[in-house]
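> TSV, N, CA and C atoms, saved as protein21.tsv, coming up:
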```tsv
chain	number	residue	atom	x	y	z
A	226	MET	N	0.84	-1.19	0.00
A	226	MET	CA	0.00	0.00	0.00
A	226	MET	C	0.88	1.25	0.00
A	227	SER	N	0.42	2.27	-0.67
A	227	SER	CA	1.13	3.54	-0.65
A	227	SER	C	0.29	4.55	0.14
A	228	LEU	N	0.84	5.74	0.32
A	228	LEU	CA	0.15	6.76	1.10
A	228	LEU	C	-1.10	7.23	0.37
A	229	ASN	N	-2.25	7.09	1.01
A	229	ASN	CA	-3.52	7.53	0.45
A	229	ASN	C	-3.69	9.02	0.63
A	230	THR	N	-4.47	9.63	-0.26
A	230	THR	CA	-4.79	11.05	-0.11
A	230	THR	C	-6.16	11.24	0.52
A	231	THR	N	-6.93	10.15	0.61
A	231	THR	CA	-8.23	10.22	1.28
A	231	THR	C	-8.22	9.26	2.47
A	232	VAL	N	-9.01	9.57	3.46
A	232	VAL	CA	-9.07	8.75	4.67
A	232	VAL	C	-9.57	7.35	4.29
A	233	PRO	N	-8.83	6.31	4.67
A	233	PRO	CA	-9.30	4.94	4.40
A	233	PRO	C	-10.65	4.69	5.07
A	234	LYS	N	-11.47	3.86	4.43
A	234	LYS	CA	-12.78	3.54	4.98
A	234	LYS	C	-12.67	2.32	5.89
A	235	VAL	N	-13.03	2.52	7.15
A	235	VAL	CA	-13.03	1.43	8.14
A	235	VAL	C	-14.37	0.71	8.05
A	236	ILE	N	-14.30	-0.62	7.89
A	236	ILE	CA	-15.55	-1.39	7.86
A	236	ILE	C	-15.79	-2.15	9.15
A	237	LYS	N	-14.71	-2.35	9.94
A	237	LYS	CA	-14.88	-3.07	11.20
A	237	LYS	C	-13.76	-2.69	12.15
A	238	ILE	N	-14.12	-2.48	13.42
A	238	ILE	CA	-13.12	-2.29	14.47
A	238	ILE	C	-12.84	-3.67	15.06
A	239	LEU	N	-11.61	-4.13	14.90
A	239	LEU	CA	-11.24	-5.46	15.37
A	239	LEU	C	-10.79	-5.44	16.83
A	240	GLN	N	-10.18	-4.34	17.25
A	240	GLN	CA	-9.79	-4.16	18.65
A	240	GLN	C	-9.92	-2.68	18.97
A	241	GLN	N	-10.82	-2.35	19.90
A	241	GLN	CA	-11.14	-0.96	20.23
A	241	GLN	C	-9.95	-0.20	20.81
A	242	LYS	N	-9.23	-0.83	21.73
A	242	LYS	CA	-8.10	-0.18	22.39
A	242	LYS	C	-6.92	-1.13	22.37
A	243	GLY	N	-5.73	-0.55	22.36
A	243	GLY	CA	-4.54	-1.38	22.38
A	243	GLY	C	-3.31	-0.54	22.61
A	244	GLU	N	-2.18	-1.17	22.46
A	244	GLU	CA	-0.89	-0.49	22.60
A	244	GLU	C	-0.04	-0.85	21.40
A	245	ILE	N	0.86	0.05	21.06
A	245	ILE	CA	1.85	-0.25	20.04
A	245	ILE	C	3.20	-0.38	20.73
A	246	ASN	N	4.12	-1.08	20.09
A	246	ASN	CA	5.42	-1.26	20.74
A	246	ASN	C	6.24	0.03	20.64
A	247	ASP	N	7.29	0.09	21.43
A	247	ASP	CA	8.10	1.30	21.50
A	247	ASP	C	8.74	1.66	20.17
A	248	GLU	N	9.14	0.65	19.38
A	248	GLU	CA	9.77	0.92	18.10
A	248	GLU	C	8.80	1.60	17.13
A	249	LEU	N	7.56	1.10	17.08
A	249	LEU	CA	6.57	1.72	16.19
A	249	LEU	C	6.20	3.11	16.71
A	250	ASP	N	6.07	3.25	18.01
A	250	ASP	CA	5.76	4.56	18.61
A	250	ASP	C	6.83	5.58	18.22
A	251	TYR	N	8.10	5.18	18.32
A	251	TYR	CA	9.22	6.05	17.98
A	251	TYR	C	9.21	6.38	16.48
A	252	ALA	N	8.95	5.36	15.64
A	252	ALA	CA	8.90	5.58	14.19
A	252	ALA	C	7.78	6.55	13.82
A	253	LEU	N	6.62	6.43	14.46
A	253	LEU	CA	5.51	7.33	14.16
A	253	LEU	C	5.79	8.75	14.65
A	254	MET	N	6.46	8.87	15.80
A	254	MET	CA	6.85	10.19	16.29
A	254	MET	C	7.77	10.86	15.27
A	255	ASN	N	8.74	10.10	14.76
A	255	ASN	CA	9.65	10.64	13.75
A	255	ASN	C	8.92	10.97	12.44
A	256	TYR	N	7.98	10.12	12.04
A	256	TYR	CA	7.20	10.36	10.83
A	256	TYR	C	6.46	11.70	10.94
A	257	LEU	N	5.76	11.88	12.05
A	257	LEU	CA	5.01	13.13	12.24
A	257	LEU	C	5.95	14.33	12.28
A	258	LEU	N	7.08	14.21	12.93
A	258	LEU	CA	8.04	15.30	13.02
A	258	LEU	C	8.57	15.66	11.63
A	259	GLN	N	8.91	14.66	10.84
A	259	GLN	CA	9.47	14.91	9.51
A	259	GLN	C	8.44	15.39	8.49
A	260	HIS	N	7.22	14.84	8.54
A	260	HIS	CA	6.23	15.13	7.52
A	260	HIS	C	5.22	16.22	7.90
A	261	ILE	N	5.03	16.43	9.18
A	261	ILE	CA	4.05	17.41	9.64
A	261	ILE	C	4.73	18.55	10.39
A	262	GLY	N	5.63	18.22	11.28
A	262	GLY	CA	6.32	19.20	12.10
A	262	GLY	C	6.10	18.89	13.56
A	263	PRO	N	6.72	19.67	14.45
A	263	PRO	CA	6.59	19.40	15.89
A	263	PRO	C	5.18	19.73	16.40
A	264	GLY	N	4.85	19.11	17.53
A	264	GLY	CA	3.60	19.45	18.19
A	264	GLY	C	2.48	18.45	18.02
A	265	TYR	N	2.79	17.28	17.46
A	265	TYR	CA	1.75	16.28	17.24
A	265	TYR	C	2.23	14.91	17.71
A	266	THR	N	1.31	14.14	18.31
A	266	THR	CA	1.61	12.82	18.83
A	266	THR	C	0.53	11.84	18.39
A	267	ALA	N	0.95	10.69	17.86
A	267	ALA	CA	0.00	9.64	17.51
A	267	ALA	C	-0.41	8.92	18.79
A	268	CYS	N	-1.70	8.65	18.95
A	268	CYS	CA	-2.20	8.05	20.18
A	268	CYS	C	-3.47	7.26	19.92
A	269	GLN	N	-3.94	6.58	20.93
A	269	GLN	CA	-5.20	5.83	20.93
A	269	GLN	C	-5.31	4.82	19.78
A	270	PRO	N	-4.37	3.85	19.71
A	270	PRO	CA	-4.41	2.89	18.61
A	270	PRO	C	-5.62	1.96	18.66
A	271	GLN	N	-6.16	1.71	17.47
A	271	GLN	CA	-7.23	0.73	17.28
A	271	GLN	C	-6.82	-0.17	16.12
A	272	LEU	N	-7.13	-1.44	16.21
A	272	LEU	CA	-6.93	-2.35	15.09
A	272	LEU	C	-8.23	-2.38	14.30
A	273	VAL	N	-8.13	-2.07	12.99
A	273	VAL	CA	-9.33	-1.97	12.16
A	273	VAL	C	-9.16	-2.77	10.87
A	274	GLU	N	-10.30	-3.11	10.28
A	274	GLU	CA	-10.30	-3.70	8.94
A	274	GLU	C	-10.80	-2.62	7.98
A	275	LEU	N	-10.09	-2.48	6.86
A	275	LEU	CA	-10.44	-1.48	5.86
A	275	LEU	C	-11.29	-2.10	4.76
A	276	ASP	N	-11.94	-1.25	3.98
A	276	ASP	CA	-12.82	-1.75	2.93
A	276	ASP	C	-12.09	-2.53	1.83
A	277	ASP	N	-10.75	-2.43	1.79
A	277	ASP	CA	-9.99	-3.22	0.81
A	277	ASP	C	-9.59	-4.58	1.38
A	278	GLY	N	-10.05	-4.90	2.60
A	278	GLY	CA	-9.77	-6.18	3.23
A	278	GLY	C	-8.51	-6.21	4.07
A	279	ASN	N	-7.69	-5.17	3.99
A	279	ASN	CA	-6.46	-5.11	4.78
A	279	ASN	C	-6.74	-4.64	6.20
A	280	GLN	N	-5.84	-5.04	7.11
A	280	GLN	CA	-5.92	-4.57	8.48
A	280	GLN	C	-4.96	-3.40	8.66
A	281	ALA	N	-5.37	-2.47	9.51
A	281	ALA	CA	-4.54	-1.30	9.78
A	281	ALA	C	-4.68	-0.90	11.25
A	282	ILE	N	-3.68	-0.16	11.70
A	282	ILE	CA	-3.75	0.46	13.02
A	282	ILE	C	-4.19	1.89	12.78
A	283	LYS	N	-5.33	2.24	13.32
A	283	LYS	CA	-5.85	3.60	13.20
A	283	LYS	C	-5.47	4.34	14.48
A	284	MET	N	-4.90	5.53	14.32
A	284	MET	CA	-4.49	6.31	15.49
A	284	MET	C	-4.98	7.74	15.36
A	285	GLY	N	-5.33	8.33	16.49
A	285	GLY	CA	-5.63	9.75	16.52
A	285	GLY	C	-4.32	10.53	16.56
A	286	ILE	N	-4.36	11.77	16.11
A	286	ILE	CA	-3.21	12.65	16.21
A	286	ILE	C	-3.60	13.77	17.17
A	287	ASP	N	-2.89	13.84	18.29
A	287	ASP	CA	-3.15	14.80	19.36
A	287	ASP	C	-2.23	16.00	19.18
A	288	ASN	N	-2.76	17.20	19.36
A	288	ASN	CA	-1.92	18.40	19.40
A	288	ASN	C	-1.27	18.44	20.77
A	289	THR	N	0.06	18.32	20.83
A	289	THR	CA	0.75	18.23	22.11
A	289	THR	C	1.87	19.26	22.24
A	290	PHE	N	2.20	19.56	23.47
A	290	PHE	CA	3.28	20.51	23.76
A	290	PHE	C	3.72	20.33	25.20
A	291	ILE	N	4.88	20.89	25.52
A	291	ILE	CA	5.39	20.85	26.89
A	291	ILE	C	4.88	22.10	27.60
A	292	GLY	N	4.13	21.89	28.67
A	292	GLY	CA	3.53	23.00	29.41
A	292	GLY	C	4.29	23.33	30.68
A	293	LYS	N	3.58	23.93	31.62
A	293	LYS	CA	4.17	24.30	32.91
A	293	LYS	C	4.72	23.07	33.61
A	294	ASP	N	5.75	23.28	34.40
A	294	ASP	CA	6.37	22.21	35.17
A	294	ASP	C	6.87	21.06	34.29
A	295	ASN	N	7.17	21.36	33.01
A	295	ASN	CA	7.71	20.38	32.08
A	295	ASN	C	6.76	19.20	31.87
A	296	LYS	N	5.46	19.45	31.94
A	296	LYS	CA	4.46	18.39	31.75
A	296	LYS	C	4.04	18.34	30.29
A	297	LEU	N	3.82	17.12	29.79
A	297	LEU	CA	3.30	16.93	28.45
A	297	LEU	C	1.81	17.26	28.47
A	298	MET	N	1.42	18.19	27.62
A	298	MET	CA	0.03	18.64	27.56
A	298	MET	C	-0.55	18.31	26.19
A	299	GLY	N	-1.85	18.12	26.12
A	299	GLY	CA	-2.53	17.86	24.86
A	299	GLY	C	-3.80	18.67	24.76
A	300	LEU	N	-4.05	19.19	23.56
A	300	LEU	CA	-5.25	19.97	23.33
A	300	LEU	C	-6.41	19.08	22.89
A	301	GLY	N	-6.09	17.99	22.18
A	301	GLY	CA	-7.13	17.08	21.71
A	301	GLY	C	-6.78	16.48	20.36
A	302	ILE	N	-7.62	15.56	19.93
A	302	ILE	CA	-7.40	14.87	18.66
A	302	ILE	C	-7.76	15.82	17.51
A	303	VAL	N	-6.78	16.01	16.62
A	303	VAL	CA	-6.97	16.95	15.51
A	303	VAL	C	-6.79	16.29	14.15
A	304	GLY	N	-6.51	14.99	14.15
A	304	GLY	CA	-6.34	14.28	12.88
A	304	GLY	C	-6.25	12.79	13.08
A	305	THR	N	-5.95	12.10	11.97
A	305	THR	CA	-5.92	10.64	11.96
A	305	THR	C	-4.72	10.13	11.18
A	306	LEU	N	-4.21	8.99	11.60
A	306	LEU	CA	-3.10	8.33	10.94
A	306	LEU	C	-3.43	6.84	10.86
A	307	PHE	N	-3.13	6.21	9.73
A	307	PHE	CA	-3.34	4.77	9.55
A	307	PHE	C	-2.02	4.12	9.21
A	308	VAL	N	-1.76	2.96	9.82
A	308	VAL	CA	-0.54	2.19	9.58
A	308	VAL	C	-0.95	0.80	9.09
A	309	ASP	N	-0.38	0.36	7.96
A	309	ASP	CA	-0.63	-0.97	7.42
A	309	ASP	C	-0.04	-2.00	8.39
A	310	VAL	N	-0.85	-2.94	8.85
A	310	VAL	CA	-0.39	-3.95	9.80
A	310	VAL	C	0.65	-4.87	9.17
A	311	ALA	N	0.52	-5.16	7.88
A	311	ALA	CA	1.41	-6.11	7.21
A	311	ALA	C	2.86	-5.64	7.15
A	312	ASN	N	3.06	-4.33	6.90
A	312	ASN	CA	4.44	-3.85	6.74
A	312	ASN	C	4.78	-2.66	7.65
A	313	LEU	N	3.84	-2.26	8.49
A	313	LEU	CA	4.02	-1.16	9.45
A	313	LEU	C	4.42	0.16	8.78
A	314	LYS	N	3.89	0.38	7.58
A	314	LYS	CA	4.11	1.65	6.86
A	314	LYS	C	2.87	2.52	7.00
A	315	VAL	N	3.08	3.83	7.10
A	315	VAL	CA	1.97	4.77	7.16
A	315	VAL	C	1.28	4.77	5.79
A	316	ILE	N	-0.04	4.57	5.80
A	316	ILE	CA	-0.80	4.59	4.55
A	316	ILE	C	-1.69	5.82	4.43
A	317	PHE	N	-1.91	6.52	5.55
A	317	PHE	CA	-2.65	7.78	5.51
A	317	PHE	C	-2.27	8.61	6.72
A	318	CYS	N	-2.15	9.91	6.50
A	318	CYS	CA	-1.94	10.84	7.60
A	318	CYS	C	-2.63	12.15	7.24
A	319	SER	N	-3.40	12.69	8.17
A	319	SER	CA	-4.03	13.98	7.94
A	319	SER	C	-2.96	15.00	7.55
A	320	SER	N	-3.34	15.95	6.73
A	320	SER	CA	-2.39	16.96	6.27
A	320	SER	C	-2.08	17.97	7.38
A	321	ARG	N	-0.95	18.61	7.24
A	321	ARG	CA	-0.58	19.67	8.20
A	321	ARG	C	-1.66	20.74	8.25
A	322	GLU	N	-2.19	21.09	7.09
A	322	GLU	CA	-3.24	22.12	7.03
A	322	GLU	C	-4.47	21.70	7.83
A	323	GLU	N	-4.88	20.44	7.68
A	323	GLU	CA	-6.04	19.94	8.42
A	323	GLU	C	-5.76	19.94	9.92
A	324	LEU	N	-4.56	19.51	10.31
A	324	LEU	CA	-4.20	19.49	11.73
A	324	LEU	C	-4.20	20.90	12.31
A	325	GLU	N	-3.64	21.85	11.58
A	325	GLU	CA	-3.61	23.24	12.04
A	325	GLU	C	-5.01	23.83	12.13
A	326	GLU	N	-5.85	23.53	11.14
A	326	GLU	CA	-7.22	24.03	11.13
A	326	GLU	C	-8.02	23.46	12.31
A	327	ASN	N	-7.87	22.17	12.56
A	327	ASN	CA	-8.60	21.54	13.67
A	327	ASN	C	-8.07	22.00	15.03
A	328	THR	N	-6.76	22.27	15.12
A	328	THR	CA	-6.19	22.82	16.35
A	328	THR	C	-6.79	24.19	16.63
A	329	LYS	N	-6.88	25.01	15.59
A	329	LYS	CA	-7.46	26.36	15.74
A	329	LYS	C	-8.92	26.27	16.18
A	330	LYS	N	-9.67	25.31	15.62
A	330	LYS	CA	-11.08	25.13	16.01
A	330	LYS	C	-11.19	24.82	17.50
A	331	LEU	N	-10.31	23.93	18.00
A	331	LEU	CA	-10.34	23.59	19.42
A	331	LEU	C	-9.98	24.81	20.28
A	332	GLN	N	-8.96	25.55	19.86
A	332	GLN	CA	-8.55	26.74	20.60
A	332	GLN	C	-9.67	27.78	20.60
A	333	ASP	N	-10.29	28.01	19.44
A	333	ASP	CA	-11.38	28.99	19.33
A	333	ASP	C	-12.60	28.58	20.16
A	334	ALA	N	-12.78	27.26	20.34
A	334	ALA	CA	-13.90	26.76	21.13
A	334	ALA	C	-13.61	26.83	22.63
A	335	GLY	N	-12.39	27.25	22.99
A	335	GLY	CA	-12.05	27.39	24.40
A	335	GLY	C	-11.64	26.10	25.07
A	336	VAL	N	-11.27	25.08	24.28
A	336	VAL	CA	-10.83	23.81	24.87
A	336	VAL	C	-9.54	24.05	25.64
A	337	GLU	N	-9.51	23.57	26.87
A	337	GLU	CA	-8.33	23.72	27.72
A	337	GLU	C	-7.42	22.51	27.56
A	338	PRO	N	-6.11	22.73	27.39
A	338	PRO	CA	-5.18	21.61	27.33
A	338	PRO	C	-5.22	20.79	28.61
A	339	GLN	N	-4.98	19.49	28.47
A	339	GLN	CA	-4.96	18.58	29.60
A	339	GLN	C	-3.62	17.86	29.66
A	340	VAL	N	-3.22	17.48	30.86
A	340	VAL	CA	-1.97	16.75	31.05
A	340	VAL	C	-2.11	15.38	30.37
A	341	ARG	N	-1.07	15.02	29.61
A	341	ARG	CA	-1.03	13.71	28.97
A	341	ARG	C	0.01	12.86	29.67
A	342	PRO	N	-0.29	11.57	29.81
A	342	PRO	CA	0.71	10.69	30.42
A	342	PRO	C	1.89	10.52	29.48
A	343	ARG	N	3.05	10.34	30.05
A	343	ARG	CA	4.24	10.03	29.22
A	343	ARG	C	4.13	8.58	28.79
A	344	GLY	N	4.61	8.28	27.62
A	344	GLY	CA	4.54	6.93	27.13
A	344	GLY	C	3.21	6.66	26.44
A	345	LYS	N	2.73	5.44	26.52
A	345	LYS	CA	1.51	5.05	25.82
A	345	LYS	C	0.26	5.57	26.51
A	346	TYR	N	-0.71	5.94	25.69
A	346	TYR	CA	-2.04	6.31	26.19
A	346	TYR	C	-3.07	6.14	25.13
```
Once more with this new file: its structure as C-alpha cells, please.

Amino acid sequence: MSLNTTVPKVIKILQQKGEINDELDYALMNYLLQHIGPGYTACQPQLVELDDGNQAIKMGIDNTFIGKDNKLMGLGIVGTLFVDVANLKVIFCSSREELEENTKKLQDAGVEPQVRPRGKY
C-alpha cells in the first residue's frame, strides 16, 4: 500500500483499544516530526479492517506541547493516521493544514489543554 490522499474507509473495528510497541511509537513520532512538524503525537491505537480487506492500526493525532512544570500537555485529537499492519508503513496521515485548522477550532472553542501521560495512552 502507498500513502492515500483520502481517509481509508473502516468497515470493522477489530480491537477498540490497544498499545503499540516502543519501536513503532518512535517511528511514528519521527514520521510526524518529519512530515508534519513538531507538536503532534499519535495516540489511541485501534486495530481496524479497511474496505480493501487489509488490516490497519488507526491512530488519533493529538496536538501536544510541553507546558508548565515540564508536563506533556494535549489539546485534543486533531487528525488521523493509519498504519498498514502487514508492513508497518503509514498509509494515511491527515495533512498539516487539516491538523492546524482543527487545532485552531479547538482553541477557538475554548478547549483547555490537559496533562497527557508520558509513554503510551
> Show me, as a PyMOL selection string, the residues that have an atom within 8 Å of Ile236 in chain A when counting only C-alpha atoms, minus same-chain residues fewer than 6 positions from it.
chain A and resi 273-276
> Which is closest to Val340 in chain A among A:Asn295, A:Gln269, A:Ser319, A:Thr328, if we use only C-alpha atoms?
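Smallest distance to Val340 in chain A is found for A:Asn295.
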> If I take CA of Tyr256 in chain A and CA of Cys318 in chain A, how far is one from the other in Å, to one decimal?
9.7 Å
> Which residues of range 265-317 of chain A have any atom within 12 Å of an atom in range 242-249 of chain A when counting only C-alpha atoms, and what is the closest pair of atoms for each, with the distance in Å to one decimal? Order the rows by chain and rising number and write it as CSV.

```
residue,atom,partner,partner_atom,distance
A:Ala267,CA,A:Leu249,CA,10.4
A:Cys268,CA,A:Glu244,CA,9.0
A:Gln269,CA,A:Lys242,CA,6.8
A:Pro270,CA,A:Gly243,CA,5.7
A:Gln271,CA,A:Lys242,CA,5.3
A:Leu272,CA,A:Lys242,CA,7.7
A:Val273,CA,A:Lys242,CA,10.5
A:Ile282,CA,A:Ile245,CA,9.0
A:Lys283,CA,A:Lys242,CA,10.2
A:Met284,CA,A:Lys242,CA,10.1
A:Gly285,CA,A:Lys242,CA,11.8
A:Val308,CA,A:Leu249,CA,9.7
A:Asp309,CA,A:Leu249,CA,11.7
A:Val310,CA,A:Leu249,CA,11.0
A:Asn312,CA,A:Leu249,CA,11.2
A:Leu313,CA,A:Leu249,CA,7.8
A:Lys314,CA,A:Leu249,CA,9.6
A:Val315,CA,A:Leu249,CA,10.6
```
> If you run DSSP on the backbone here, which positions in range 234-299 of chain A get strand (DSSP E)? Please write them as a short mmCIF file (atom, residue, chain, number, x, y, z; two decimals) with N, CA and C atoms, in the coordinates of the input.

```cif
data_model
loop_
_atom_site.label_atom_id
_atom_site.label_comp_id
_atom_site.auth_asym_id
_atom_site.auth_seq_id
_atom_site.Cartn_x
_atom_site.Cartn_y
_atom_site.Cartn_z
N VAL A 235 -13.03 2.52 7.15
CA VAL A 235 -13.03 1.43 8.14
C VAL A 235 -14.37 0.71 8.05
N ILE A 236 -14.30 -0.62 7.89
CA ILE A 236 -15.55 -1.39 7.86
C ILE A 236 -15.79 -2.15 9.15
N LYS A 237 -14.71 -2.35 9.94
CA LYS A 237 -14.88 -3.07 11.20
C LYS A 237 -13.76 -2.69 12.15
N ILE A 238 -14.12 -2.48 13.42
CA ILE A 238 -13.12 -2.29 14.47
C ILE A 238 -12.84 -3.67 15.06
N LEU A 239 -11.61 -4.13 14.90
CA LEU A 239 -11.24 -5.46 15.37
C LEU A 239 -10.79 -5.44 16.83
N GLN A 240 -10.18 -4.34 17.25
CA GLN A 240 -9.79 -4.16 18.65
C GLN A 240 -9.92 -2.68 18.97
N TYR A 265 2.79 17.28 17.46
CA TYR A 265 1.75 16.28 17.24
C TYR A 265 2.23 14.91 17.71
N THR A 266 1.31 14.14 18.31
CA THR A 266 1.61 12.82 18.83
C THR A 266 0.53 11.84 18.39
N ALA A 267 0.95 10.69 17.86
CA ALA A 267 0.00 9.64 17.51
C ALA A 267 -0.41 8.92 18.79
N CYS A 268 -1.70 8.65 18.95
CA CYS A 268 -2.20 8.05 20.18
C CYS A 268 -3.47 7.26 19.92
N GLN A 269 -3.94 6.58 20.93
CA GLN A 269 -5.20 5.83 20.93
C GLN A 269 -5.31 4.82 19.78
N PRO A 270 -4.37 3.85 19.71
CA PRO A 270 -4.41 2.89 18.61
C PRO A 270 -5.62 1.96 18.66
N GLN A 271 -6.16 1.71 17.47
CA GLN A 271 -7.23 0.73 17.28
C GLN A 271 -6.82 -0.17 16.12
N LEU A 272 -7.13 -1.44 16.21
CA LEU A 272 -6.93 -2.35 15.09
C LEU A 272 -8.23 -2.38 14.30
N VAL A 273 -8.13 -2.07 12.99
CA VAL A 273 -9.33 -1.97 12.16
C VAL A 273 -9.16 -2.77 10.87
N GLU A 274 -10.30 -3.11 10.28
CA GLU A 274 -10.30 -3.70 8.94
C GLU A 274 -10.80 -2.62 7.98
N LEU A 275 -10.09 -2.48 6.86
CA LEU A 275 -10.44 -1.48 5.86
C LEU A 275 -11.29 -2.10 4.76
N GLN A 280 -5.84 -5.04 7.11
CA GLN A 280 -5.92 -4.57 8.48
C GLN A 280 -4.96 -3.40 8.66
N ALA A 281 -5.37 -2.47 9.51
CA ALA A 281 -4.54 -1.30 9.78
C ALA A 281 -4.68 -0.90 11.25
N ILE A 282 -3.68 -0.16 11.70
CA ILE A 282 -3.75 0.46 13.02
C ILE A 282 -4.19 1.89 12.78
N LYS A 283 -5.33 2.24 13.32
CA LYS A 283 -5.85 3.60 13.20
C LYS A 283 -5.47 4.34 14.48
N MET A 284 -4.90 5.53 14.32
CA MET A 284 -4.49 6.31 15.49
C MET A 284 -4.98 7.74 15.36
N GLY A 285 -5.33 8.33 16.49
CA GLY A 285 -5.63 9.75 16.52
C GLY A 285 -4.32 10.53 16.56
N ILE A 286 -4.36 11.77 16.11
CA ILE A 286 -3.21 12.65 16.21
C ILE A 286 -3.60 13.77 17.17
N ASP A 287 -2.89 13.84 18.29
CA ASP A 287 -3.15 14.80 19.36
C ASP A 287 -2.23 16.00 19.18
N ASN A 288 -2.76 17.20 19.36
CA ASN A 288 -1.92 18.40 19.40
C ASN A 288 -1.27 18.44 20.77
N THR A 289 0.06 18.32 20.83
CA THR A 289 0.75 18.23 22.11
C THR A 289 1.87 19.26 22.24
N PHE A 290 2.20 19.56 23.47
CA PHE A 290 3.28 20.51 23.76
C PHE A 290 3.72 20.33 25.20
N ILE A 291 4.88 20.89 25.52
CA ILE A 291 5.39 20.85 26.89
C ILE A 291 4.88 22.10 27.60
N LEU A 297 3.82 17.12 29.79
CA LEU A 297 3.30 16.93 28.45
C LEU A 297 1.81 17.26 28.47
N MET A 298 1.42 18.19 27.62
CA MET A 298 0.03 18.64 27.56
C MET A 298 -0.55 18.31 26.19
N GLY A 299 -1.85 18.12 26.12
CA GLY A 299 -2.53 17.86 24.86
C GLY A 299 -3.80 18.67 24.76
#
```
> At what distance in Å, to one decimal, does atom C of Asn279 in chain A lie from atom N of Gln240 in chain A?
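Distance reported for this atom pair: 11.6 Å.
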> Compare A:Gly264, A:Pro233, A:Gly299, A:Gly335 by their minimum atom-to-atom distance to Gly278 in chain A, counting only C-alpha atoms, and give me the closest one.
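Looking at the shortest contact to Gly278 in chain A, the residue is A:Pro233.
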> Report the distance between CA of Asn327 in chain A and CA of Val303 in chain A in Å, rounded to one decimal place.
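Interatomic distance here is 5.2 Å.
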> Any chance you could list, as an mmCIF file with N, CA and C atoms, in the frame of the given file, the residues in range 228-328 of chain A that come up helix (DSSP H, G or I) when DSSP is run on the backbone?

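Written file, selection_9.cif:
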```
data_model
loop_
_atom_site.group_PDB
_atom_site.id
_atom_site.type_symbol
_atom_site.label_atom_id
_atom_site.label_comp_id
_atom_site.auth_asym_id
_atom_site.auth_seq_id
_atom_site.Cartn_x
_atom_site.Cartn_y
_atom_site.Cartn_z
ATOM 1 N N ASP A 247 7.290 0.090 21.430
ATOM 2 C CA ASP A 247 8.100 1.300 21.500
ATOM 3 C C ASP A 247 8.740 1.660 20.170
ATOM 4 N N GLU A 248 9.140 0.650 19.380
ATOM 5 C CA GLU A 248 9.770 0.920 18.100
ATOM 6 C C GLU A 248 8.800 1.600 17.130
ATOM 7 N N LEU A 249 7.560 1.100 17.080
ATOM 8 C CA LEU A 249 6.570 1.720 16.190
ATOM 9 C C LEU A 249 6.200 3.110 16.710
ATOM 10 N N ASP A 250 6.070 3.250 18.010
ATOM 11 C CA ASP A 250 5.760 4.560 18.610
ATOM 12 C C ASP A 250 6.830 5.580 18.220
ATOM 13 N N TYR A 251 8.100 5.180 18.320
ATOM 14 C CA TYR A 251 9.220 6.050 17.980
ATOM 15 C C TYR A 251 9.210 6.380 16.480
ATOM 16 N N ALA A 252 8.950 5.360 15.640
ATOM 17 C CA ALA A 252 8.900 5.580 14.190
ATOM 18 C C ALA A 252 7.780 6.550 13.820
ATOM 19 N N LEU A 253 6.620 6.430 14.460
ATOM 20 C CA LEU A 253 5.510 7.330 14.160
ATOM 21 C C LEU A 253 5.790 8.750 14.650
ATOM 22 N N MET A 254 6.460 8.870 15.800
ATOM 23 C CA MET A 254 6.850 10.190 16.290
ATOM 24 C C MET A 254 7.770 10.860 15.270
ATOM 25 N N ASN A 255 8.740 10.100 14.760
ATOM 26 C CA ASN A 255 9.650 10.640 13.750
ATOM 27 C C ASN A 255 8.920 10.970 12.440
ATOM 28 N N TYR A 256 7.980 10.120 12.040
ATOM 29 C CA TYR A 256 7.200 10.360 10.830
ATOM 30 C C TYR A 256 6.460 11.700 10.940
ATOM 31 N N LEU A 257 5.760 11.880 12.050
ATOM 32 C CA LEU A 257 5.010 13.130 12.240
ATOM 33 C C LEU A 257 5.950 14.330 12.280
ATOM 34 N N LEU A 258 7.080 14.210 12.930
ATOM 35 C CA LEU A 258 8.040 15.300 13.020
ATOM 36 C C LEU A 258 8.570 15.660 11.630
ATOM 37 N N GLN A 259 8.910 14.660 10.840
ATOM 38 C CA GLN A 259 9.470 14.910 9.510
ATOM 39 C C GLN A 259 8.440 15.390 8.490
ATOM 40 N N HIS A 260 7.220 14.840 8.540
ATOM 41 C CA HIS A 260 6.230 15.130 7.520
ATOM 42 C C HIS A 260 5.220 16.220 7.900
ATOM 43 N N LYS A 293 3.580 23.930 31.620
ATOM 44 C CA LYS A 293 4.170 24.300 32.910
ATOM 45 C C LYS A 293 4.720 23.070 33.610
ATOM 46 N N ASP A 294 5.750 23.280 34.400
ATOM 47 C CA ASP A 294 6.370 22.210 35.170
ATOM 48 C C ASP A 294 6.870 21.060 34.290
ATOM 49 N N ASN A 295 7.170 21.360 33.010
ATOM 50 C CA ASN A 295 7.710 20.380 32.080
ATOM 51 C C ASN A 295 6.760 19.200 31.870
ATOM 52 N N ARG A 321 -0.950 18.610 7.240
ATOM 53 C CA ARG A 321 -0.580 19.670 8.200
ATOM 54 C C ARG A 321 -1.660 20.740 8.250
ATOM 55 N N GLU A 322 -2.190 21.090 7.090
ATOM 56 C CA GLU A 322 -3.240 22.120 7.030
ATOM 57 C C GLU A 322 -4.470 21.700 7.830
ATOM 58 N N GLU A 323 -4.880 20.440 7.680
ATOM 59 C CA GLU A 323 -6.040 19.940 8.420
ATOM 60 C C GLU A 323 -5.760 19.940 9.920
ATOM 61 N N LEU A 324 -4.560 19.510 10.310
ATOM 62 C CA LEU A 324 -4.200 19.490 11.730
ATOM 63 C C LEU A 324 -4.200 20.900 12.310
ATOM 64 N N GLU A 325 -3.640 21.850 11.580
ATOM 65 C CA GLU A 325 -3.610 23.240 12.040
ATOM 66 C C GLU A 325 -5.010 23.830 12.130
ATOM 67 N N GLU A 326 -5.850 23.530 11.140
ATOM 68 C CA GLU A 326 -7.220 24.030 11.130
ATOM 69 C C GLU A 326 -8.020 23.460 12.310
ATOM 70 N N ASN A 327 -7.870 22.170 12.560
ATOM 71 C CA ASN A 327 -8.600 21.540 13.670
ATOM 72 C C ASN A 327 -8.070 22.000 15.030
ATOM 73 N N THR A 328 -6.760 22.270 15.120
ATOM 74 C CA THR A 328 -6.190 22.820 16.350
ATOM 75 C C THR A 328 -6.790 24.190 16.630
#
```
> Can you pull out the residues contacting Leu300 in chain A? Cut-off 6.5 Å, using only N, CA and C atoms, and skip same-chain residues under 5 positions away; I want them as an MDAnalysis selection string.
chainID A and resid 287:290 336:339
